[in-house]
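See structure below.
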Amino acid sequence: MNGSKRIMDRALEEARAAAARGEVPVGAVIVLDGEVIAQAGNRTREFNDVTAHAEILAIREASAKLGSERLIDADLYVTLEPCAMCAAAISFARIRRLYYGAEDEKGGGVDHGGRFYAQPTCHHSPEVYSGIAEQEAASILKDFFANRR
């Protein structure tokens, strides 16, 4: 789990950078063969693009780097449980493993809400590991929203 925590620390850095930009603090990192190939934080406000979630931006970067829409054998680390849109993108990209930090009871699409990977129409389900640096990820989100109220 030590390696997972180290990678999640990079995702947490991306989340903090997103918060500093006024974005909802979510960060994502994609790893392939032990090497970070992409990382991103939310940029929905900056890009005026509702699809500019950290996961989507990281998938786009990794796909461009590899020259493939399929990220087979890649692992995604994200600070917050992915929403349904991101869960679908993770499935379509054929990401091998998903590691996430904080649960998202309202907007999650993996273990909450629509539970995308549990649907019979889902063609690919990654292995899912939750609770990686969960308290720190949740704290970043709580602090961000507390400061906005």
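Ligands are numbered from 1 in the order shown, residues from 1 within each chain, and chains are lettered A, B, ... in the order they appear in the structure tokens.
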
- request: May I have the residues within 6 Å of region 5-11 of chain A as an NGL selection string, using only C-alpha atoms and disregarding those fewer than 6 positions away in the same chain?
  value: :A and (27-29)

Residues within 10 Å of Glu23 (chain A), please, as an mmCIF file with N, CA and C atoms, in the first residue's frame. Count only C-alpha atoms; anything in the same chain fewer than 4 positions from it doesn't count.
data_model
loop_
_atom_site.group_PDB
_atom_site.id
_atom_site.type_symbol
_atom_site.label_atom_id
_atom_site.label_comp_id
_atom_site.auth_asym_id
_atom_site.auth_seq_id
_atom_site.Cartn_x
_atom_site.Cartn_y
_atom_site.Cartn_z
ATOM 1 N N ALA A 15 -5.022 18.020 -6.474
ATOM 2 C CA ALA A 15 -6.261 18.516 -5.866
ATOM 3 C C ALA A 15 -6.024 19.869 -5.196
ATOM 4 N N ARG A 16 -4.926 19.993 -4.483
ATOM 5 C CA ARG A 16 -4.603 21.280 -3.836
ATOM 6 C C ARG A 16 -4.391 22.381 -4.879
ATOM 7 N N ALA A 17 -3.736 22.049 -5.973
ATOM 8 C CA ALA A 17 -3.520 23.021 -7.048
ATOM 9 C C ALA A 17 -4.857 23.436 -7.660
ATOM 10 N N ALA A 18 -5.772 22.492 -7.806
ATOM 11 C CA ALA A 18 -7.106 22.813 -8.322
ATOM 12 C C ALA A 18 -7.811 23.779 -7.373
ATOM 13 N N ALA A 19 -7.734 23.511 -6.078
ATOM 14 C CA ALA A 19 -8.357 24.403 -5.090
ATOM 15 C C ALA A 19 -7.772 25.808 -5.188
ATOM 16 N N GLY A 41 -5.683 18.019 -12.454
ATOM 17 C CA GLY A 41 -6.661 18.449 -11.462
ATOM 18 C C GLY A 41 -7.865 18.999 -12.203
ATOM 19 N N ASN A 42 -8.959 19.159 -11.501
ATOM 20 C CA ASN A 42 -10.164 19.714 -12.121
ATOM 21 C C ASN A 42 -9.877 21.065 -12.764
ATOM 22 N N ARG A 43 -10.478 21.311 -13.918
ATOM 23 C CA ARG A 43 -10.343 22.598 -14.619
ATOM 24 C C ARG A 43 -11.660 22.985 -15.304
ATOM 25 N N THR A 44 -12.780 22.621 -14.690
ATOM 26 C CA THR A 44 -14.076 22.902 -15.314
ATOM 27 C C THR A 44 -14.334 24.395 -15.440
ATOM 28 N N ARG A 45 -13.996 25.167 -14.429
ATOM 29 C CA ARG A 45 -14.218 26.620 -14.472
ATOM 30 C C ARG A 45 -13.242 27.293 -15.428
ATOM 31 N N GLU A 46 -11.991 26.912 -15.319
ATOM 32 C CA GLU A 46 -10.955 27.512 -16.165
ATOM 33 C C GLU A 46 -11.254 27.302 -17.648
ATOM 34 N N HIS A 53 -13.115 17.256 -15.803
ATOM 35 C CA HIS A 53 -12.819 16.647 -14.504
ATOM 36 C C HIS A 53 -11.388 16.116 -14.539
ATOM 37 N N PHE A 144 -12.172 23.282 1.408
ATOM 38 C CA PHE A 144 -12.476 24.087 0.224
ATOM 39 C C PHE A 144 -13.903 24.627 0.294
#

message: What's around Gly113 (chain A) at 12 Å? Count only C-alpha atoms, leave out sequence neighbours fewer than 5 positions away in its own chain, and write the answer as a ChimeraX atom specification.
response: /A:81-85,87,103-108,118-119

statement: Min atom-atom distance to Gly3 (chain A) from the set A:Val31, A:Ala137, A:Ala102, A:Ile59, counting only C-alpha atoms, belongs to A:Val31

- request: Quick one: pick out all strand (DSSP E or B) residues within region 13-144 of chain A from a backbone DSSP run and write them as a ChimeraX atom specification.
  value: /A:27-32,35-41,74-80,97-102,127-130

message: I'd like the contact shell of Ala138 (chain A) - 9 Å cut-off, only C-alpha atoms, skipping same-chain residues fewer than 5 positions apart - returned as a list in words.
response: Thr79, Leu80, Gly101, Ala102, Glu103, Ala133 and Asp143 of chain A

Atoms kept (C-alpha atoms) for selection, written as a compact mmCIF listing (two decimals), in the first residue's frame:
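Written file, selection_23.txt:
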# COMPACT_ATOMS: atom_id res chain seq x y z
CA THR A 79 -8.80 11.78 -4.73
CA LEU A 80 -12.61 11.50 -4.95
CA GLY A 101 -9.64 8.46 -1.77
CA ALA A 102 -12.86 10.01 -0.44
CA GLU A 103 -16.31 8.60 -1.06
CA ALA A 133 -5.61 8.62 1.83
CA ASP A 143 -11.90 22.87 3.78

message: Taking only C-alpha atoms into account, name the residue in A:Leu66, A:Ala38, A:Ile95, A:Ala74 that is nearest to Ala54 (chain A).
response: A:Ala38

Excluding Asp75 (chain A) and residues on its chain fewer than 5 positions from it, collect all residues at most 7 Å away from it, counting only C-alpha atoms, and give them as a PDB file with N, CA and C atoms, in the first residue's frame.
ATOM      1  N   ILE A  30      -2.373   8.895 -13.535  1.00  0.00           N
ATOM      2  CA  ILE A  30      -2.411   7.606 -14.231  1.00  0.00           C
ATOM      3  C   ILE A  30      -1.003   7.045 -14.280  1.00  0.00           C
ATOM      4  N   VAL A  31      -0.898   5.757 -13.918  1.00  0.00           N
ATOM      5  CA  VAL A  31       0.379   5.054 -13.844  1.00  0.00           C
ATOM      6  C   VAL A  31       0.332   3.857 -14.794  1.00  0.00           C
ATOM      7  N   LEU A  32       1.418   3.670 -15.530  1.00  0.00           N
ATOM      8  CA  LEU A  32       1.566   2.508 -16.402  1.00  0.00           C
ATOM      9  C   LEU A  32       2.968   1.959 -16.218  1.00  0.00           C
ATOM     10  N   ILE A  95      -9.174   1.034 -18.270  1.00  0.00           N
ATOM     11  CA  ILE A  95      -8.203   1.168 -17.184  1.00  0.00           C
ATOM     12  C   ILE A  95      -8.297  -0.063 -16.295  1.00  0.00           C
ATOM     13  N   ARG A  96      -7.142  -0.580 -15.917  1.00  0.00           N
ATOM     14  CA  ARG A  96      -7.067  -1.840 -15.167  1.00  0.00           C
ATOM     15  C   ARG A  96      -7.548  -1.703 -13.726  1.00  0.00           C
ATOM     16  N   ARG A  97      -7.014  -0.711 -13.017  1.00  0.00           N
ATOM     17  CA  ARG A  97      -7.351  -0.534 -11.595  1.00  0.00           C
ATOM     18  C   ARG A  97      -7.689   0.918 -11.311  1.00  0.00           C
ATOM     19  N   LEU A  98      -8.676   1.107 -10.447  1.00  0.00           N
ATOM     20  CA  LEU A  98      -9.069   2.424  -9.969  1.00  0.00           C
ATOM     21  C   LEU A  98      -8.835   2.471  -8.469  1.00  0.00           C
TER      22      LEU A  98
END

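As for CA of Arg70 (chain A) and CA of Arg94 (chain A), they are spaced 5.8 Å apart.
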
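Put simply, CA of Asp111 (chain A) is 26.6 Å away from CA of Asp33 (chain A).
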
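Here CA of Ser63 (chain A) and CA of His123 (chain A) stand 19.3 Å from one another.
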
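With only C-alpha atoms as the basis for measurement, A:Cys86 is the residue among A:Cys86, A:Val36, A:His112, A:Glu13 that approaches Val50 (chain A) most closely.
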
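If you measure from each of A:Ser91, A:Glu136, A:Gly131, A:Gln39 to Lys65 (chain A) using only C-alpha atoms, the closest one turns out to be A:Gln39.
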
- request: Please return as a ChimeraX atom specification: the residues of chain A that backbone DSSP assigns to helix (DSSP H, G or I).
  value: /A:2-20,44-47,54-66,84-92,116-118,134-148
